[in-house]
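Chemist: Hey, dropping target.txt in here, compact mmCIF, C-alpha atoms and all ligand atoms:
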```txt
# COMPACT_ATOMS: atom_id res chain seq x y z
CA MET R 1 6.94 16.81 -1.08
CA GLN R 2 3.15 16.73 -0.83
CA LEU R 3 1.50 13.33 -1.35
CA THR R 4 -1.88 13.23 -3.07
CA VAL R 5 -4.97 11.84 -1.36
CA GLU R 6 -4.82 8.96 -3.88
CA GLN R 7 -1.23 8.11 -2.88
CA ILE R 8 -2.08 8.10 0.84
CA ARG R 9 -5.18 5.99 0.20
CA PHE R 10 -3.18 3.59 -2.01
CA PHE R 11 -0.56 3.10 0.75
CA HIS R 12 -3.12 2.26 3.44
CA LEU R 13 -5.11 -0.01 1.12
CA ASN R 14 -2.22 -1.95 -0.44
CA GLY R 15 0.53 -1.74 2.18
CA PHE R 16 3.07 -0.11 -0.15
CA LEU R 17 3.61 2.98 -2.26
CA SER R 18 6.04 3.83 -5.03
CA ILE R 19 7.14 7.47 -5.41
CA THR R 20 8.99 8.00 -8.65
CA THR R 21 9.85 11.67 -8.01
CA PRO R 22 13.38 11.73 -6.54
CA VAL R 23 13.62 12.96 -2.92
CA THR R 24 16.96 14.64 -3.63
CA ASP R 25 19.12 15.95 -6.47
CA ASP R 26 21.84 14.34 -8.60
CA ALA R 27 24.69 15.99 -6.66
CA GLU R 28 23.51 14.57 -3.33
CA LEU R 29 22.96 11.15 -4.91
CA ALA R 30 26.51 11.15 -6.32
CA TRP R 31 27.86 12.02 -2.86
CA MET R 32 25.74 9.29 -1.23
CA ARG R 33 27.03 6.69 -3.71
CA GLU R 34 30.59 7.64 -2.81
CA VAL R 35 29.95 7.31 0.95
CA TYR R 36 28.02 4.07 0.40
CA ASP R 37 30.68 2.44 -1.77
CA ARG R 38 33.39 3.41 0.70
CA MET R 39 31.54 1.75 3.60
CA PHE R 40 31.17 -1.52 1.73
CA ALA R 41 34.73 -1.41 0.32
CA GLU R 42 36.17 -0.82 3.80
CA ARG R 43 33.94 -3.56 5.22
CA ALA R 44 32.57 -1.14 7.81
CA GLY R 45 30.85 -2.94 10.67
CA ARG R 46 32.21 -6.36 9.73
CA GLU R 47 33.89 -6.97 13.09
CA SER R 48 30.93 -5.84 15.17
CA GLY R 49 28.54 -8.07 13.20
CA ASP R 50 26.82 -5.10 11.54
CA GLN R 51 28.12 -6.05 8.07
CA PHE R 52 27.44 -9.56 6.77
CA ASP R 53 26.16 -11.58 3.84
CA LEU R 54 22.37 -11.50 4.09
CA ALA R 55 21.91 -14.41 1.68
CA GLY R 56 24.96 -16.61 2.34
CA SER R 57 26.84 -18.42 5.08
CA ASP R 58 29.08 -15.36 5.54
CA GLU R 59 32.35 -17.23 5.95
CA GLU R 60 35.53 -15.19 6.12
CA GLY R 61 37.26 -15.13 2.72
CA LYS R 62 34.08 -15.92 0.75
CA GLU R 63 32.69 -13.10 -1.39
CA ALA R 64 29.31 -11.94 -0.09
CA SER R 65 26.42 -12.40 -2.53
CA LEU R 66 24.18 -9.87 -0.77
CA PRO R 67 26.16 -7.64 1.60
CA GLN R 68 24.18 -5.72 4.20
CA ILE R 69 25.20 -3.09 6.77
CA LEU R 70 22.96 -2.47 9.78
CA ASN R 71 22.91 1.06 11.15
CA PRO R 72 25.18 2.54 8.44
CA ALA R 73 25.01 5.99 10.08
CA LYS R 74 27.24 4.56 12.81
CA TYR R 75 29.97 4.15 10.17
CA ALA R 76 29.13 7.18 8.01
CA PRO R 77 27.44 9.76 10.29
CA GLU R 78 27.50 12.28 7.44
CA LEU R 79 24.59 10.35 5.89
CA THR R 80 22.30 11.87 8.54
CA GLU R 81 23.03 15.34 7.17
CA GLY R 82 21.60 14.83 3.68
CA LYS R 83 18.63 16.83 2.34
CA TYR R 84 16.86 13.58 1.43
CA LEU R 85 16.19 12.83 5.12
CA GLY R 86 14.04 15.93 5.66
CA VAL R 87 11.95 15.15 2.57
CA ILE R 88 11.48 11.53 3.66
CA ALA R 89 10.49 12.61 7.20
CA GLU R 90 7.84 14.92 5.69
CA ILE R 91 6.45 12.04 3.64
CA ALA R 92 6.43 9.79 6.73
CA LYS R 93 4.33 12.33 8.67
CA GLN R 94 1.76 12.39 5.89
CA LEU R 95 1.38 8.62 6.17
CA PHE R 96 1.67 8.07 9.95
CA GLY R 97 0.94 11.46 11.55
CA PRO R 98 3.05 14.21 13.11
CA GLU R 99 4.85 11.98 15.65
CA ALA R 100 6.46 9.89 12.88
CA GLY R 101 10.09 10.68 12.12
CA ALA R 102 12.47 8.80 9.83
CA GLY R 103 15.85 7.26 10.55
CA ILE R 104 18.44 5.35 8.54
CA ALA R 105 18.08 1.62 9.25
CA HIS R 106 20.31 -0.38 6.91
CA ALA R 107 21.90 -0.71 3.49
CA ILE R 108 21.67 -3.66 1.10
CA PHE R 109 24.09 -3.87 -1.80
CA LYS R 110 23.61 -6.16 -4.81
CA PRO R 111 26.98 -6.42 -6.59
CA ALA R 112 26.85 -6.16 -10.40
CA GLY R 113 26.24 -9.44 -12.18
CA MET R 114 26.22 -11.56 -9.00
CA GLY R 115 23.99 -9.91 -6.38
CA ALA R 116 21.67 -12.62 -5.04
CA PRO R 117 17.88 -12.28 -4.93
CA THR R 118 16.30 -11.06 -1.69
CA PRO R 119 13.63 -13.74 -1.18
CA TRP R 120 9.98 -13.00 -0.34
CA HIS R 121 9.66 -12.00 3.30
CA GLN R 122 7.86 -9.76 5.77
CA ASP R 123 10.17 -7.42 7.71
CA GLU R 124 8.37 -8.07 11.00
CA ALA R 125 9.52 -11.72 10.82
CA TYR R 126 13.00 -10.48 11.82
CA TRP R 127 11.81 -8.57 14.88
CA ASP R 128 10.80 -9.18 18.49
CA PRO R 129 7.54 -11.19 18.46
CA SER R 130 6.47 -9.76 21.82
CA GLN R 131 5.83 -6.37 20.18
CA GLN R 132 3.07 -5.08 17.91
CA TYR R 133 4.37 -2.75 15.20
CA GLN R 134 2.93 0.08 13.19
CA ASN R 135 5.73 1.13 10.93
CA ALA R 136 7.21 1.04 7.47
CA SER R 137 10.47 0.78 5.57
CA ILE R 138 11.45 3.40 3.04
CA TRP R 139 13.65 1.98 0.31
CA MET R 140 15.80 4.38 -1.69
CA PRO R 141 18.03 3.27 -4.58
CA LEU R 142 21.09 5.46 -5.20
CA GLN R 143 21.00 4.66 -8.93
CA GLU R 144 18.14 3.57 -11.15
CA ALA R 145 16.49 0.38 -9.83
CA SER R 146 15.13 -1.91 -12.53
CA ILE R 147 13.79 -5.44 -12.71
CA GLU R 148 17.22 -6.39 -14.11
CA ASN R 149 19.26 -5.03 -11.19
CA GLY R 150 16.91 -5.86 -8.31
CA CYS R 151 14.11 -3.35 -7.73
CA LEU R 152 11.51 -4.25 -5.08
CA TRP R 153 8.33 -6.24 -5.75
CA PHE R 154 5.32 -6.19 -3.40
CA MET R 155 2.22 -8.27 -2.83
CA PRO R 156 -0.70 -5.85 -2.51
CA GLY R 157 -2.80 -6.35 0.64
CA SER R 158 -0.29 -8.64 2.38
CA HIS R 159 0.19 -6.02 5.14
CA GLU R 160 -3.14 -7.35 6.49
CA TRP R 161 -1.67 -10.84 7.06
CA GLU R 162 -0.30 -12.03 10.39
CA VAL R 163 3.41 -12.86 10.16
CA THR R 164 3.47 -16.07 8.14
CA GLU R 165 5.95 -18.92 8.59
CA HIS R 166 9.54 -18.03 7.58
CA ARG R 167 12.83 -19.92 7.56
CA PRO R 168 16.48 -18.96 7.06
CA ILE R 169 17.10 -18.72 3.27
CA GLY R 170 17.38 -22.20 1.75
CA GLY R 171 16.74 -23.73 5.19
CA ASP R 172 20.40 -23.03 6.08
CA VAL R 173 20.63 -21.95 9.73
CA ARG R 174 23.98 -20.22 9.02
CA VAL R 175 22.17 -17.64 6.87
CA HIS R 176 20.82 -14.45 8.47
CA GLY R 177 18.23 -13.72 5.73
CA LEU R 178 14.70 -15.12 5.96
CA GLU R 179 12.23 -16.35 3.37
CA ILE R 180 8.51 -17.13 3.40
CA VAL R 181 8.04 -20.91 3.44
CA ASN R 182 4.77 -21.14 1.49
CA LEU R 183 5.26 -19.19 -1.71
CA ASP R 184 1.73 -20.12 -2.87
CA LEU R 185 0.62 -17.28 -0.59
CA VAL R 186 2.32 -14.74 -2.85
CA LYS R 187 0.04 -13.62 -5.69
CA ASP R 188 -0.31 -10.62 -8.01
CA ALA R 189 3.18 -9.30 -7.23
CA VAL R 190 3.85 -5.76 -8.44
CA ALA R 191 7.36 -4.67 -9.54
CA CYS R 192 8.34 -1.10 -8.63
CA PRO R 193 11.23 0.16 -10.80
CA LEU R 194 12.50 3.55 -9.65
CA PRO R 195 14.80 6.33 -10.81
CA ALA R 196 17.81 7.14 -8.59
CA GLY R 197 16.47 8.84 -5.46
CA GLY R 198 12.89 7.61 -5.94
CA ILE R 199 11.47 5.66 -2.99
CA THR R 200 9.14 2.83 -2.18
CA ILE R 201 7.47 2.61 1.23
CA HIS R 202 6.15 -0.67 2.63
CA ARG R 203 4.48 -1.68 5.89
CA ASN R 204 6.05 -4.04 8.43
CA ARG R 205 4.02 -7.04 7.24
CA THR R 206 3.93 -6.34 3.51
CA ALA R 207 5.45 -9.31 1.64
CA HIS R 208 8.23 -8.15 -0.66
CA TYR R 209 11.08 -9.41 -2.79
CA ALA R 210 13.93 -8.20 -4.99
CA GLY R 211 15.44 -10.17 -7.88
CA ALA R 212 19.10 -10.93 -8.51
CA ASN R 213 21.28 -8.23 -10.02
CA THR R 214 21.90 -9.56 -13.53
CA SER R 215 23.00 -6.14 -14.82
CA SER R 216 26.49 -4.69 -15.15
CA VAL R 217 25.85 -1.92 -12.56
CA PRO R 218 25.91 -2.33 -8.77
CA ARG R 219 22.52 -1.88 -7.09
CA ARG R 220 22.80 0.26 -3.98
CA ALA R 221 19.78 0.66 -1.68
CA LEU R 222 19.58 2.70 1.51
CA ILE R 223 16.68 1.72 3.74
CA LEU R 224 15.09 4.00 6.33
CA GLY R 225 12.49 3.24 8.96
CA THR R 226 9.46 5.23 10.05
CA GLY R 227 6.23 4.77 11.99
CA LEU R 228 4.84 4.89 15.49
CA ALA R 229 6.05 3.38 18.77
CA SER R 230 5.53 -0.36 19.18
CA HIS R 231 3.27 -1.84 21.88
CA PRO R 232 3.18 -5.23 23.59
CA TYR R 233 1.67 -7.82 21.24
CA PRO R 234 -1.77 -8.86 22.52
CA GLY R 235 -1.34 -12.58 23.22
CA HIS R 236 1.61 -14.89 22.71
CA ARG R 237 3.52 -15.61 19.52
CA SER R 238 7.02 -16.81 18.67
CA PHE R 239 9.26 -16.60 15.61
CA PRO R 240 11.16 -19.92 15.86
CA TRP R 241 13.00 -19.24 12.59
CA ASN R 242 15.13 -16.65 14.41
CA GLU R 243 15.84 -18.94 17.36
CA ILE R 244 17.30 -21.73 15.18
CA LYS R 245 19.84 -19.49 13.41
CA HIS R 246 23.58 -19.85 14.12
CA THR R 247 25.21 -17.10 12.10
CA ALA R 248 28.81 -15.95 11.85
CA ARG R 249 27.45 -12.43 12.25
CA ASP R 250 26.05 -13.25 15.72
CA GLU R 251 29.38 -14.81 16.69
CA ARG R 252 31.26 -11.68 15.62
CA ALA R 253 28.78 -9.46 17.50
CA LYS R 254 29.20 -11.55 20.66
CA ALA R 255 33.01 -11.49 20.39
CA ALA R 256 32.99 -7.72 19.84
CA ALA R 257 30.75 -7.21 22.89
CA GLY R 258 33.32 -9.17 24.93
O1 LIG S 1 17.15 -4.24 -0.99
C1 LIG S 1 16.74 -5.40 -1.01
O2 LIG S 1 17.18 -6.24 -1.78
C2 LIG S 1 15.64 -5.82 -0.07
C3 LIG S 1 15.13 -4.72 0.79
C4 LIG S 1 14.20 -5.16 1.85
O3 LIG S 1 13.90 -6.30 2.03
C5 LIG S 1 13.63 -4.12 2.73
O4 LIG S 1 13.92 -2.94 2.55
O5 LIG S 1 12.85 -4.47 3.63
```
Represent the structure of the file as structure tokens.

Modeler:
Amino acid sequence: MQLTVEQIRFFHLNGFLSITTPVTDDAELAWMREVYDRMFAERAGRESGDQFDLAGSDEEGKEASLPQILNPAKYAPELTEGKYLGVIAEIAKQLFGPEAGAGIAHAIFKPAGMGAPTPWHQDEAYWDPSQQYQNASIWMPLQEASIENGCLWFMPGSHEWEVTEHRPIGGDVRVHGLEIVNLDLVKDAVACPLPAGGITIHRNRTAHYAGANTSSVPRRALILGTGLASHPYPGHRSFPWNEIKHTARDERAKAAAG
């Protein structure tokens, strides 16, 4: 898929891009939904800490309001064989240059009628503060994504910010998910509804959000990563919001590692 000069310029200027032409066909999307639903139904990665409730305290026996699986290809390696990956890698090279590839990073599921919002955040706030990043997330819904079921929203130009102050969602240190503390910073948000198999691409510091799923259909999103190698961050910074967390997911990961 060839991006236009305007699309490439828009991405670098605003820190996000919405591509409404699907990167694969209906048959592949139907197959991906099947694989995706099976992973969540079988609670793949739960024991190793890779599956957890992004927006809740993640207690055993409590239904997750925003289930997430890190590294889903570990649990469904067949996902790396889809046609969509080649198309996405081609798009990534047009934005970041020939060294950029694309890999599957995680999956976020918003159950029908109860999927919680994904609060405003910058992805880099989750990562190692000693590194400087030049990358992006590619967000692909496996069915239509609408404002009603939780499509992404972006704040144009926020990729130029430093990482702003975050905290665990609701200030609850048991919750893995993060949110921006000062929401007055977020202005002129743009909603990006997509057809199944469309994609949005956003930079590592672009502030973004997704609403609750108030619809009667599940919202499935597969998220890929692309970009260039990270480098040591020039100077010192810390992300204390990650240090204060005590999540059940971390406990499970530690127990699994022995
Ligand atoms: O799918 C969602 O609800 C949020 C996705 C997100 O935050 C991301 O892809 O970085």

Chemist: Can you pull out every residue within 8 Å of Ile69 in chain R, counting all atoms listed in the file, but drop anything in the same chain fewer than 3 positions away, and send it as a VMD selection string?

Modeler: chain R and resid 40 44 to 45 50 to 52 72 106 to 108

Chemist: Tell me, counting only C-alpha atoms, for each residue of range 82-127 of chain R within 10 Å of range 213-229 of chain R, which pair of atoms is nearest and how far apart they are in Å to one decimal, in rows ordered by chain and increasing number, as a tab-separated table.

Modeler:
```
residue	atom	partner	partner_atom	distance
R:Leu85	CA	R:Leu224	CA	9.0
R:Ile88	CA	R:Leu224	CA	8.8
R:Ala89	CA	R:Thr226	CA	8.0
R:Ile91	CA	R:Thr226	CA	9.8
R:Ala92	CA	R:Thr226	CA	6.4
R:Lys93	CA	R:Gly227	CA	8.5
R:Leu95	CA	R:Gly227	CA	8.5
R:Phe96	CA	R:Gly227	CA	6.0
R:Gly97	CA	R:Gly227	CA	8.5
R:Pro98	CA	R:Leu228	CA	9.8
R:Glu99	CA	R:Leu228	CA	7.1
R:Ala100	CA	R:Gly227	CA	5.2
R:Gly101	CA	R:Thr226	CA	5.9
R:Ala102	CA	R:Thr226	CA	4.7
R:Gly103	CA	R:Leu224	CA	5.4
R:Ile104	CA	R:Leu224	CA	4.2
R:Ala105	CA	R:Leu224	CA	4.8
R:His106	CA	R:Ile223	CA	5.3
R:Ala107	CA	R:Leu222	CA	4.6
R:Ile108	CA	R:Ala221	CA	5.5
R:Phe109	CA	R:Arg220	CA	4.8
R:Lys110	CA	R:Arg219	CA	5.0
R:Pro111	CA	R:Pro218	CA	4.8
R:Ala112	CA	R:Pro218	CA	4.3
R:Gly113	CA	R:Thr214	CA	4.5
R:Met114	CA	R:Asn213	CA	6.0
R:Gly115	CA	R:Asn213	CA	4.8
R:Ala116	CA	R:Asn213	CA	6.7
R:Pro117	CA	R:Asn213	CA	7.3
```

Chemist: CA of Gly157 in chain R to CA of Leu178 in chain R: how many Å, to one decimal?

Modeler: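 Atom-to-atom, CA of Gly157 in chain R to CA of Leu178 in chain R, that is 20.3 Å.
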
Chemist: Taking only C-alpha atoms into account, name the residue in R:Leu183, R:Ala255, R:Val87, R:Ile201 that is nearest to Gly15 in chain R.

Modeler: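 Of all the options, R:Ile201 lies closest to Gly15 in chain R.
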
Chemist: Within 10 Å of Ala76 in chain R, counting all atoms listed in the file, which residues show up once you throw out same-chain ones fewer than 6 positions away? Write them as JSON, numbers by chain, please.

Modeler: {"R": [35, 36, 38, 39, 44]}

Chemist: Please measure the separation of CA of Gly211 in chain R and CA of Asp123 in chain R, giving the value in Å to one decimal.

Modeler: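 Value for the CA of Gly211 in chain R-CA of Asp123 in chain R distance: 16.7 Å.
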
Chemist: By how many Å are atom C2 of ligand LIG 1 (chain S) and CA of Ser146 in chain R apart?

Modeler: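 Distance reported for this atom pair: 13.1 Å.
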
Chemist: Give the padded box for range 124-134 of chain R as AutoDock Vina command-line options: axis-aligned, covering all atoms listed in the file, 4 Å on each side, centre and edge lengths in Å to one decimal.

Modeler:
```
--center_x 8.0 --center_y -5.8 --center_z 16.3 --size_x 18.1 --size_y 19.8 --size_z 19.0
```

Chemist: Pull the neighbourhood of (9.4, -3.1, -10.8) for me: all residues within 12 Å in file coordinates, counting all atoms listed in the file, as a PyMOL selection string.

Modeler: chain R and resi 17-18+20+144-155+189-195+199-200+208-211

Chemist: Which residue out of R:Gln131, R:Thr118, R:Ser238, R:Ser230 has the minimum interatomic distance to ligand LIG 1 (chain S) when all atoms listed in the file are used?

Modeler: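 Result for the nearest residue to ligand LIG 1 (chain S): R:Thr118.
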
Chemist: I'd like to know which of R:Asp37, R:Asp53, R:Asp25, R:Glu162 is closest to ligand LIG 1 (chain S), using only C-alpha atoms and all ligand atoms.

Modeler: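 Checking each of R:Asp37, R:Asp53, R:Asp25, R:Glu162 against ligand LIG 1 (chain S), counting only C-alpha atoms and all ligand atoms, the winner is R:Asp53.
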